[in-house]
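Novice: Sharing a structure here in structure tokens format.
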Amino acid sequence: MRIGILGAGQLGQMLGFAARDLNAQCHFLDPSENPPAAECGEVMQRAFDDPAALAELAEACDVITYEFENVPIDALLHLDGKVPVYPPPAALQHSQDRLREKKLFAALDIPLPDYHAIDTRKDLDAAAQILGLPMIVKTRRLGYDGKGQFVVNDRSDVDAAWNELGGRPLIAEQWVSFDFEVSCIGVRSINGDVAIYPLCHNVHVGGILRTSKSPVDAPALSTVASGYVRRLLQQLDYVGVLTLELFVVGDELLANEFAPRVHNSGHWSIEGSKTSQFENHLRAVMNLPLGSTASCGHAGMVNLIGEIPQTVRALDVGVLHDYGKMPKPGRKLGHVTVIADSANRRDALVEIIDNCITE
Ligand code: AMP
């Protein structure tokens, strides 16, 4: 089977590697030079919204999917009808706009932090009044890895927040003093079968994911989180992998955002799960039966951001994934996964890797 993938970054690369085991060929569309996925498939180096490139991709492929959330929605709509596009474009429309996303959570009775939509400076003042401080202001569109965000701690920050982000549609959220963050990754097939991965515990530094660990020893939270993911999958008539990120506050969960794609917090599943998130995404869009999402142990993943230190390369711990990207501050260049037979051992291994990075 021929699979067209919009985006050829590291997620595309890991999808491409998984595709080999399923005897599928990946064709990528991505405007960047030498993207990571070039290692495992042909890349058309053209704009996402280039109609001729999209037509070529539709012609060459049996199904289209995407690994990049900021794909122009019109590109997907252009393809839909010519060739099946999964996950459904409507899911991306929701996730690309934080206001639509929050309205979807609310409509599905998925609890979320209080928020206020902002178009004008007056709205920003009103948000501070209604939500209280601190609050976090985010662009409604095109934010990722903590970009396009401003934490307003006190009234004197409001001007700076407006100077930095004003002029675009924004949203302000109440600041959540969470205990920790989790993500719940689910997958749904074309015939409606659903499988859910064990919950992941995530730590972000400066808005960028630093570590993920799975499973999380919190059965009640896991049940609630997977119920929320099932609701989203059902409502969106979804096909593929979907990730829901949540804040844990006491015994409650508040939804932060969802991603209609394979996710960084599920990279551990390559070694740590019977079927990786990448293989299951492909299985879903290829109309194959889903694979088991059971864990193979206690998994931990550490992101390598900005550089891959020699100390990490020299470690005899875990599996290093180097995406082959040019080093740049803030850029995700690779990750290391460890699998252990106990949570304590896993945590110790993650710490060894983490210490190499902070040195
Ligand atoms: P996001 O791009 O919305 O996923 O935000 C990136 C990270 O910023 C999250 O994973 C949290 O660590 C932090 N963050 C985002 N929104 C909030 C919030 N309302 N309260 C506290 N921390 C937040």
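Chains: A, B, ... in order of the structure tokens. Residues: from 1 per chain. Ligands: from 1, in order shown.
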Do you know which residues are at most 7 Å from Asp179 in chain A counting only C-alpha atoms, after dropping those on the same chain fewer than 6 positions away, and could you put them as a PDB file with all heavy atoms, in the first residue's frame?
Specialist:
```pdb
ATOM      1  N   VAL A 248      -3.118  17.080  35.867  1.00  0.00           N
ATOM      2  CA  VAL A 248      -3.657  16.360  37.025  1.00  0.00           C
ATOM      3  C   VAL A 248      -3.661  17.307  38.216  1.00  0.00           C
ATOM      4  O   VAL A 248      -2.621  17.859  38.582  1.00  0.00           O
ATOM      5  CB  VAL A 248      -2.797  15.120  37.364  1.00  0.00           C
ATOM      6  CG1 VAL A 248      -3.371  14.392  38.572  1.00  0.00           C
ATOM      7  CG2 VAL A 248      -2.692  14.191  36.160  1.00  0.00           C
ATOM      8  N   VAL A 249      -4.858  17.516  38.768  1.00  0.00           N
ATOM      9  CA  VAL A 249      -4.994  18.375  39.947  1.00  0.00           C
ATOM     10  C   VAL A 249      -5.734  17.543  40.998  1.00  0.00           C
ATOM     11  O   VAL A 249      -6.937  17.297  40.847  1.00  0.00           O
ATOM     12  CB  VAL A 249      -5.801  19.657  39.622  1.00  0.00           C
ATOM     13  CG1 VAL A 249      -5.801  20.602  40.824  1.00  0.00           C
ATOM     14  CG2 VAL A 249      -5.249  20.367  38.395  1.00  0.00           C
ATOM     15  N   GLY A 250      -4.994  17.070  41.998  1.00  0.00           N
ATOM     16  CA  GLY A 250      -5.604  16.160  42.974  1.00  0.00           C
ATOM     17  C   GLY A 250      -6.070  14.911  42.254  1.00  0.00           C
ATOM     18  O   GLY A 250      -5.317  14.297  41.502  1.00  0.00           O
TER      19      GLY A 250
END
```
Novice: Give me, as CSV, the closest atom pair and its distance (Å, one decimal) for every residue of chain A within a cut-off of 10 Å of ligand 1, counting only C-alpha atoms and all ligand atoms, rows sorted by chain and rising number.
Specialist:
```
residue,atom,partner,partner_atom_place_in_ligand_line,distance
A:Arg98,CA,ligand 1,3 (O),8.6
A:Leu112,CA,ligand 1,19 (N),9.1
A:Pro113,CA,ligand 1,19 (N),6.4
A:Asp114,CA,ligand 1,19 (N),8.4
A:Tyr115,CA,ligand 1,19 (N),8.5
A:Pro134,CA,ligand 1,20 (N),8.8
A:Met135,CA,ligand 1,19 (N),6.9
A:Ile136,CA,ligand 1,19 (N),5.8
A:Val137,CA,ligand 1,19 (N),8.5
A:Lys138,CA,ligand 1,3 (O),7.6
A:Thr139,CA,ligand 1,2 (O),9.6
A:Leu142,CA,ligand 1,2 (O),9.9
A:Gly143,CA,ligand 1,2 (O),6.5
A:Tyr144,CA,ligand 1,2 (O),5.4
A:Asp145,CA,ligand 1,2 (O),5.5
A:Gly146,CA,ligand 1,6 (C),4.5
A:Lys147,CA,ligand 1,2 (O),7.0
A:Gly148,CA,ligand 1,2 (O),8.3
A:Gln149,CA,ligand 1,2 (O),7.6
A:Phe150,CA,ligand 1,15 (C),9.7
A:Val151,CA,ligand 1,17 (C),8.8
A:Ala172,CA,ligand 1,19 (N),8.1
A:Glu173,CA,ligand 1,19 (N),5.0
A:Gln174,CA,ligand 1,19 (N),5.3
A:Trp175,CA,ligand 1,20 (N),3.8
A:Val176,CA,ligand 1,20 (N),3.8
A:Ser177,CA,ligand 1,21 (C),6.0
A:Phe178,CA,ligand 1,21 (C),6.8
A:Phe180,CA,ligand 1,12 (O),8.7
A:Glu181,CA,ligand 1,10 (O),7.0
A:Val182,CA,ligand 1,10 (O),9.0
A:Ser183,CA,ligand 1,10 (O),9.8
A:Asn202,CA,ligand 1,10 (O),8.1
A:Val203,CA,ligand 1,12 (O),7.3
A:His204,CA,ligand 1,12 (O),5.2
A:Val205,CA,ligand 1,12 (O),7.2
A:Gly206,CA,ligand 1,8 (O),7.2
A:Gly207,CA,ligand 1,7 (C),4.1
A:Ile208,CA,ligand 1,6 (C),6.6
A:Leu209,CA,ligand 1,10 (O),7.2
A:Glu245,CA,ligand 1,4 (O),7.3
A:Leu246,CA,ligand 1,10 (O),8.3
A:Phe247,CA,ligand 1,11 (C),8.0
A:Leu254,CA,ligand 1,19 (N),9.5
A:Ala255,CA,ligand 1,19 (N),9.6
A:Asn256,CA,ligand 1,3 (O),6.0
A:Glu257,CA,ligand 1,4 (O),6.2
A:Phe258,CA,ligand 1,4 (O),8.6
A:Ala259,CA,ligand 1,4 (O),9.7
```
Novice: Write down as a PyMOL selection string the residues belonging to range 215-283 of chain A that are assigned helix (DSSP H, G or I) by DSSP computed on the backbone.
Specialist: chain A and resi 219-235+264-266+269-272+277-283
Novice: Export N, CA, C and O atoms of the chosen residues as a CSV table (one decimal), in the first residue's frame?
Specialist:
```csv
chain,number,residue,atom,x,y,z
A,219,PRO,N,-4.7,4.0,38.5
A,219,PRO,CA,-5.7,3.4,37.7
A,219,PRO,C,-7.0,4.2,37.5
A,219,PRO,O,-7.6,4.2,36.4
A,220,ALA,N,-7.4,5.0,38.6
A,220,ALA,CA,-8.6,5.8,38.4
A,220,ALA,C,-8.4,6.9,37.4
A,220,ALA,O,-9.3,7.1,36.5
A,221,LEU,N,-7.3,7.6,37.4
A,221,LEU,CA,-7.0,8.6,36.4
A,221,LEU,C,-7.0,8.0,35.0
A,221,LEU,O,-7.5,8.6,34.1
A,222,SER,N,-6.3,6.8,34.9
A,222,SER,CA,-6.2,6.2,33.6
A,222,SER,C,-7.6,5.9,33.0
A,222,SER,O,-7.8,6.1,31.8
A,223,THR,N,-8.5,5.4,33.9
A,223,THR,CA,-9.8,5.1,33.4
A,223,THR,C,-10.5,6.4,32.9
A,223,THR,O,-11.2,6.4,31.8
A,224,VAL,N,-10.4,7.4,33.7
A,224,VAL,CA,-11.1,8.7,33.3
A,224,VAL,C,-10.5,9.2,32.0
A,224,VAL,O,-11.2,9.6,31.1
A,225,ALA,N,-9.2,9.2,31.9
A,225,ALA,CA,-8.5,9.8,30.7
A,225,ALA,C,-8.9,9.0,29.5
A,225,ALA,O,-9.2,9.6,28.4
A,226,SER,N,-8.9,7.7,29.6
A,226,SER,CA,-9.2,6.9,28.4
A,226,SER,C,-10.7,7.1,28.0
A,226,SER,O,-11.0,7.1,26.8
A,227,GLY,N,-11.5,7.3,29.0
A,227,GLY,CA,-12.9,7.7,28.7
A,227,GLY,C,-13.0,8.9,27.9
A,227,GLY,O,-13.8,9.0,26.9
A,228,TYR,N,-12.2,10.0,28.2
A,228,TYR,CA,-12.3,11.2,27.5
A,228,TYR,C,-11.8,11.0,26.1
A,228,TYR,O,-12.3,11.6,25.1
A,229,VAL,N,-10.7,10.2,25.9
A,229,VAL,CA,-10.1,10.0,24.6
A,229,VAL,C,-11.2,9.2,23.7
A,229,VAL,O,-11.4,9.5,22.6
A,230,ARG,N,-11.9,8.2,24.3
A,230,ARG,CA,-12.9,7.5,23.6
A,230,ARG,C,-14.0,8.5,23.1
A,230,ARG,O,-14.5,8.3,22.0
A,231,ARG,N,-14.4,9.4,24.0
A,231,ARG,CA,-15.4,10.4,23.5
A,231,ARG,C,-15.0,11.2,22.3
A,231,ARG,O,-15.7,11.4,21.4
A,232,LEU,N,-13.7,11.6,22.4
A,232,LEU,CA,-13.2,12.4,21.2
A,232,LEU,C,-13.1,11.6,20.0
A,232,LEU,O,-13.5,12.1,18.9
A,233,LEU,N,-12.6,10.4,20.1
A,233,LEU,CA,-12.5,9.5,18.9
A,233,LEU,C,-13.8,9.3,18.3
A,233,LEU,O,-14.0,9.3,17.0
A,234,GLN,N,-14.8,9.0,19.1
A,234,GLN,CA,-16.2,8.7,18.7
A,234,GLN,C,-16.8,9.9,18.0
A,234,GLN,O,-17.3,9.9,16.9
A,235,GLN,N,-16.7,11.1,18.7
A,235,GLN,CA,-17.3,12.3,18.2
A,235,GLN,C,-16.8,12.7,16.8
A,235,GLN,O,-17.5,13.2,16.0
A,264,ASN,N,4.9,13.1,20.6
A,264,ASN,CA,6.2,12.9,21.2
A,264,ASN,C,6.1,12.1,22.5
A,264,ASN,O,7.0,11.4,22.9
A,265,SER,N,5.0,12.3,23.2
A,265,SER,CA,4.9,11.6,24.5
A,265,SER,C,4.6,10.1,24.4
A,265,SER,O,4.6,9.3,25.3
A,266,GLY,N,4.5,9.6,23.1
A,266,GLY,CA,4.4,8.2,22.8
A,266,GLY,C,5.6,7.5,22.2
A,266,GLY,O,5.5,6.4,21.7
A,269,SER,N,6.8,4.0,23.0
A,269,SER,CA,6.0,2.9,22.5
A,269,SER,C,6.8,2.0,21.5
A,269,SER,O,6.5,0.9,21.2
A,270,ILE,N,7.8,2.6,20.8
A,270,ILE,CA,8.6,1.9,19.8
A,270,ILE,C,9.2,0.6,20.5
A,270,ILE,O,9.1,-0.5,20.0
A,271,GLU,N,9.8,0.9,21.6
A,271,GLU,CA,10.4,-0.3,22.3
A,271,GLU,C,9.6,-0.8,23.5
A,271,GLU,O,9.7,-1.9,23.9
A,272,GLY,N,8.7,0.1,24.0
A,272,GLY,CA,8.0,-0.2,25.2
A,272,GLY,C,6.6,-0.7,25.1
A,272,GLY,O,5.9,-1.0,26.1
A,277,GLN,N,3.0,3.3,18.7
A,277,GLN,CA,1.9,4.3,18.2
A,277,GLN,C,2.0,4.5,16.7
A,277,GLN,O,1.0,4.7,16.0
A,278,PHE,N,3.3,4.4,16.1
A,278,PHE,CA,3.5,4.6,14.7
A,278,PHE,C,2.9,3.5,13.9
A,278,PHE,O,2.1,3.7,12.9
A,279,GLU,N,3.1,2.2,14.3
A,279,GLU,CA,2.5,1.1,13.6
A,279,GLU,C,1.0,1.1,13.7
A,279,GLU,O,0.3,0.9,12.8
A,280,ASN,N,0.5,1.5,14.9
A,280,ASN,CA,-0.9,1.4,15.1
A,280,ASN,C,-1.6,2.6,14.3
A,280,ASN,O,-2.7,2.4,13.7
A,281,HIS,N,-0.9,3.7,14.1
A,281,HIS,CA,-1.5,4.8,13.3
A,281,HIS,C,-1.6,4.2,11.8
A,281,HIS,O,-2.7,4.4,11.2
A,282,LEU,N,-0.5,3.6,11.4
A,282,LEU,CA,-0.6,3.1,10.0
A,282,LEU,C,-1.6,2.0,9.9
A,282,LEU,O,-2.3,1.9,8.9
A,283,ARG,N,-1.7,1.1,10.9
A,283,ARG,CA,-2.7,0.0,10.8
A,283,ARG,C,-4.1,0.6,10.7
A,283,ARG,O,-4.9,0.1,9.9
```
Novice: Would you please extract all strand (DSSP E) residues from range 147-313 of chain A, as assigned by DSSP on the backbone, and give them as a PyMOL selection string?
Specialist: chain A and resi 149-152+170-174+180-188+194-196+200-205+208-214+240-249+252-259+298-305
Novice: Counting only C-alpha atoms, which residues of range 92-190 of chain A fall within 10 Å of range 290-305 of chain A, and what is the closest atom pair for each with its distance in Å at one decimal, ordered by chain and rising number, as a tab-separated table?
Specialist:
```
residue	atom	partner	partner_atom	distance
A:Ile185	CA	A:Thr293	CA	9.8
A:Gly186	CA	A:Thr293	CA	9.1
A:Val187	CA	A:Leu290	CA	8.1
A:Arg188	CA	A:Leu290	CA	8.0
A:Ser189	CA	A:Leu290	CA	6.9
```
Novice: Within 6 Å of Leu29 in chain A, counting only C-alpha atoms, which residues show up once you throw out same-chain ones fewer than 3 positions away? Write them as a ChimeraX atom specification, please.
Specialist: /A:6-7,43-44
Novice: For the residues in the current selection, export C-alpha atoms as a PDB file, in the first residue's frame.
Specialist:
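Output file part.pdb follows:
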```pdb
ATOM      1  CA  LEU A   6       2.078  15.546   4.845  1.00  0.00           C
ATOM      2  CA  GLY A   7       5.166  16.482   6.848  1.00  0.00           C
ATOM      3  CA  VAL A  43      10.016  13.397  -0.289  1.00  0.00           C
ATOM      4  CA  MET A  44       8.388  15.902  -2.645  1.00  0.00           C
TER       5      MET A  44
END
```
Novice: Can you check which parts of range 103-180 of chain A lie within 12 Å of range 71-94 of chain A? Per residue, the shortest pair of atoms and distance in Å to one decimal, counting only C-alpha atoms, sorted by chain and number, as a Markdown table.
Specialist:
```
| residue | atom | partner | partner_atom | distance |
| --- | --- | --- | --- | --- |
| A:Lys103 | CA | A:His94 | CA | 9.0 |
| A:Leu104 | CA | A:His94 | CA | 7.6 |
| A:Phe105 | CA | A:His94 | CA | 10.1 |
| A:Arg140 | CA | A:His94 | CA | 10.8 |
| A:Arg141 | CA | A:Gln93 | CA | 10.3 |
| A:Leu142 | CA | A:Val71 | CA | 9.8 |
```
Novice: Please dump the current selection as a JSON list (two decimals), in the first residue's frame; keep N, CA, C and O atoms.
Specialist:
```json
[["chain", "number", "residue", "atom", "x", "y", "z"],
["A", 103, "LYS", "N", -14.11, 24.46, 22.99],
["A", 103, "LYS", "CA", -15.57, 24.29, 22.86],
["A", 103, "LYS", "C", -15.92, 22.82, 22.65],
["A", 103, "LYS", "O", -16.94, 22.34, 23.12],
["A", 104, "LEU", "N", -15.06, 22.12, 21.94],
["A", 104, "LEU", "CA", -15.29, 20.67, 21.72],
["A", 104, "LEU", "C", -15.18, 19.93, 23.06],
["A", 104, "LEU", "O", -16.03, 19.10, 23.38],
["A", 105, "PHE", "N", -14.13, 20.23, 23.84],
["A", 105, "PHE", "CA", -14.00, 19.58, 25.16],
["A", 105, "PHE", "C", -15.27, 19.82, 25.99],
["A", 105, "PHE", "O", -15.82, 18.90, 26.58],
["A", 140, "ARG", "N", -4.33, 31.67, 19.37],
["A", 140, "ARG", "CA", -5.31, 30.60, 19.10],
["A", 140, "ARG", "C", -4.77, 29.61, 18.08],
["A", 140, "ARG", "O", -5.10, 28.43, 18.12],
["A", 141, "ARG", "N", -3.94, 30.11, 17.18],
["A", 141, "ARG", "CA", -3.43, 29.26, 16.09],
["A", 141, "ARG", "C", -1.92, 29.22, 16.06],
["A", 141, "ARG", "O", -1.25, 30.15, 16.53],
["A", 142, "LEU", "N", -1.39, 28.16, 15.46],
["A", 142, "LEU", "CA", 0.03, 28.05, 15.10],
["A", 142, "LEU", "C", 1.00, 28.08, 16.28],
["A", 142, "LEU", "O", 2.16, 28.41, 16.11]]
```
Novice: Which residues are close to range 323-328 of chain A, i.e. within 8 Å by only C-alpha atoms, leaving aside same-chain residues fewer than 5 positions away? Reply as number ranges by chain.
Specialist: A: 10, 13, 35-36, 306-307, 333-334
Novice: Restricted to N, CA, C and O atoms, what would the selected residues look like written as a JSON list (two decimals), in the first residue's frame?
Specialist:
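File written: part.json
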```json
[["chain", "number", "residue", "atom", "x", "y", "z"],
["A", 10, "GLN", "N", 10.58, 14.22, 12.18],
["A", 10, "GLN", "CA", 10.92, 12.97, 12.88],
["A", 10, "GLN", "C", 9.70, 12.07, 13.06],
["A", 10, "GLN", "O", 9.84, 10.84, 13.07],
["A", 13, "GLN", "N", 9.52, 10.27, 9.95],
["A", 13, "GLN", "CA", 10.59, 9.28, 9.89],
["A", 13, "GLN", "C", 10.19, 8.00, 10.65],
["A", 13, "GLN", "O", 10.35, 6.89, 10.16],
["A", 35, "PRO", "N", 14.70, 16.71, 5.09],
["A", 35, "PRO", "CA", 13.96, 16.42, 6.32],
["A", 35, "PRO", "C", 14.27, 14.99, 6.80],
["A", 35, "PRO", "O", 14.68, 14.14, 6.00],
["A", 36, "PRO", "N", 14.08, 14.72, 8.10],
["A", 36, "PRO", "CA", 14.41, 13.40, 8.66],
["A", 36, "PRO", "C", 13.78, 12.22, 7.92],
["A", 36, "PRO", "O", 14.41, 11.17, 7.78],
["A", 306, "GLY", "N", 18.18, 20.67, 21.15],
["A", 306, "GLY", "CA", 19.26, 21.65, 20.89],
["A", 306, "GLY", "C", 20.58, 21.00, 20.52],
["A", 306, "GLY", "O", 21.29, 21.50, 19.66],
["A", 307, "GLU", "N", 20.93, 19.91, 21.19],
["A", 307, "GLU", "CA", 22.16, 19.17, 20.84],
["A", 307, "GLU", "C", 22.02, 17.73, 21.36],
["A", 307, "GLU", "O", 21.22, 17.47, 22.26],
["A", 333, "LEU", "N", 16.14, 17.03, 18.49],
["A", 333, "LEU", "CA", 17.10, 16.34, 17.61],
["A", 333, "LEU", "C", 17.05, 14.83, 17.74],
["A", 333, "LEU", "O", 17.53, 14.11, 16.86],
["A", 334, "GLY", "N", 16.54, 14.34, 18.86],
["A", 334, "GLY", "CA", 16.49, 12.90, 19.07],
["A", 334, "GLY", "C", 15.87, 12.59, 20.42],
["A", 334, "GLY", "O", 15.40, 13.50, 21.13]]
```
Novice: Any idea what the distance is between CA of Lys213 in chain A and CA of Cys200 in chain A?
Specialist: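 Value for the CA of Lys213 in chain A-CA of Cys200 in chain A distance: 5.4 Å.
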Novice: Leaving out Gln25 in chain A and any residue of its chain fewer than 2 positions from it, which residues lie within 9 Å of it when counting only C-alpha atoms, given as JSON, numbers by chain?
Specialist: {"A": [1, 2, 3, 4, 16, 19, 20, 22, 23, 27, 40, 41, 42]}
Novice: How would the residues just picked look written out with N, CA, C and O atoms as a PDB file, in the first residue's frame?
Specialist:
```
ATOM      1  N   MET A   1       0.838  -1.202   0.000  1.00  0.00           N
ATOM      2  CA  MET A   1       0.000   0.000   0.000  1.00  0.00           C
ATOM      3  C   MET A   1       0.874   1.254   0.000  1.00  0.00           C
ATOM      4  O   MET A   1       1.929   1.272   0.618  1.00  0.00           O
ATOM      5  N   ARG A   2       0.422   2.313  -0.674  1.00  0.00           N
ATOM      6  CA  ARG A   2       1.195   3.562  -0.751  1.00  0.00           C
ATOM      7  C   ARG A   2       0.522   4.612   0.137  1.00  0.00           C
ATOM      8  O   ARG A   2      -0.668   4.898  -0.018  1.00  0.00           O
ATOM      9  N   ILE A   3       1.315   5.140   1.063  1.00  0.00           N
ATOM     10  CA  ILE A   3       0.760   6.081   2.033  1.00  0.00           C
ATOM     11  C   ILE A   3       1.393   7.450   1.814  1.00  0.00           C
ATOM     12  O   ILE A   3       2.623   7.588   1.845  1.00  0.00           O
ATOM     13  N   GLY A   4       0.557   8.453   1.609  1.00  0.00           N
ATOM     14  CA  GLY A   4       1.044   9.831   1.471  1.00  0.00           C
ATOM     15  C   GLY A   4       1.053  10.479   2.852  1.00  0.00           C
ATOM     16  O   GLY A   4       0.083  10.353   3.604  1.00  0.00           O
ATOM     17  N   GLY A  16       7.644   6.174   8.816  1.00  0.00           N
ATOM     18  CA  GLY A  16       8.280   5.513   7.662  1.00  0.00           C
ATOM     19  C   GLY A  16       8.961   4.216   8.053  1.00  0.00           C
ATOM     20  O   GLY A  16       8.860   3.215   7.344  1.00  0.00           O
ATOM     21  N   ALA A  19       6.364   1.664   8.676  1.00  0.00           N
ATOM     22  CA  ALA A  19       5.686   1.235   7.438  1.00  0.00           C
ATOM     23  C   ALA A  19       6.404   0.044   6.794  1.00  0.00           C
ATOM     24  O   ALA A  19       5.774  -0.817   6.185  1.00  0.00           O
ATOM     25  N   ARG A  20       7.730   0.008   6.944  1.00  0.00           N
ATOM     26  CA  ARG A  20       8.504  -1.088   6.328  1.00  0.00           C
ATOM     27  C   ARG A  20       8.013  -2.447   6.818  1.00  0.00           C
ATOM     28  O   ARG A  20       7.900  -3.387   6.045  1.00  0.00           O
ATOM     29  N   LEU A  22       5.151  -3.206   7.662  1.00  0.00           N
ATOM     30  CA  LEU A  22       3.793  -3.480   7.175  1.00  0.00           C
ATOM     31  C   LEU A  22       3.774  -3.577   5.650  1.00  0.00           C
ATOM     32  O   LEU A  22       2.709  -3.592   5.031  1.00  0.00           O
ATOM     33  N   ASN A  23       4.970  -3.591   5.078  1.00  0.00           N
ATOM     34  CA  ASN A  23       5.094  -3.672   3.625  1.00  0.00           C
ATOM     35  C   ASN A  23       4.378  -2.521   2.915  1.00  0.00           C
ATOM     36  O   ASN A  23       3.723  -2.717   1.899  1.00  0.00           O
ATOM     37  N   HIS A  27       5.233   8.160   0.911  1.00  0.00           N
ATOM     38  CA  HIS A  27       5.612   9.290   0.050  1.00  0.00           C
ATOM     39  C   HIS A  27       5.315  10.545   0.857  1.00  0.00           C
ATOM     40  O   HIS A  27       4.192  10.723   1.317  1.00  0.00           O
ATOM     41  N   CYS A  40      13.512   7.331   4.825  1.00  0.00           N
ATOM     42  CA  CYS A  40      12.655   6.146   4.669  1.00  0.00           C
ATOM     43  C   CYS A  40      11.542   6.325   3.640  1.00  0.00           C
ATOM     44  O   CYS A  40      10.560   5.598   3.670  1.00  0.00           O
ATOM     45  N   GLY A  41      11.716   7.259   2.744  1.00  0.00           N
ATOM     46  CA  GLY A  41      10.718   7.393   1.681  1.00  0.00           C
ATOM     47  C   GLY A  41      11.057   8.583   0.808  1.00  0.00           C
ATOM     48  O   GLY A  41      11.905   9.405   1.148  1.00  0.00           O
ATOM     49  N   GLU A  42      10.331   8.648  -0.320  1.00  0.00           N
ATOM     50  CA  GLU A  42      10.556   9.737  -1.270  1.00  0.00           C
ATOM     51  C   GLU A  42       9.896  11.011  -0.722  1.00  0.00           C
ATOM     52  O   GLU A  42       8.749  10.948  -0.256  1.00  0.00           O
TER      53      GLU A  42
END
```
Novice: Just checking: using only C-alpha atoms, which residue out of A:Thr337, A:Thr65, A:Ser214, A:Asn191 ends up closest to Val241 in chain A?
Specialist: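 Using only C-alpha atoms, the shortest distance to Val241 in chain A belongs to A:Thr65.
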Novice: Would you mind telling me which residue in A:Phe28, A:Trp268, A:Met14, A:His116 lies nearest to Glu56 in chain A when using only C-alpha atoms?
Specialist: A:Phe28
Novice: In Å, rounded to a single decimal, give me how far CA of Gln129 in chain A is from CA of Arg155 in chain A.
Specialist: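 Answer for the CA of Arg155 in chain A to CA of Gln129 in chain A separation: 9.7 Å.
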Novice: Please report the interatomic distance between CA of Leu349 in chain A and CA of Val317 in chain A in Å with one decimal.
Specialist: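 For CA of Leu349 in chain A relative to CA of Val317 in chain A, the distance reads 7.2 Å.
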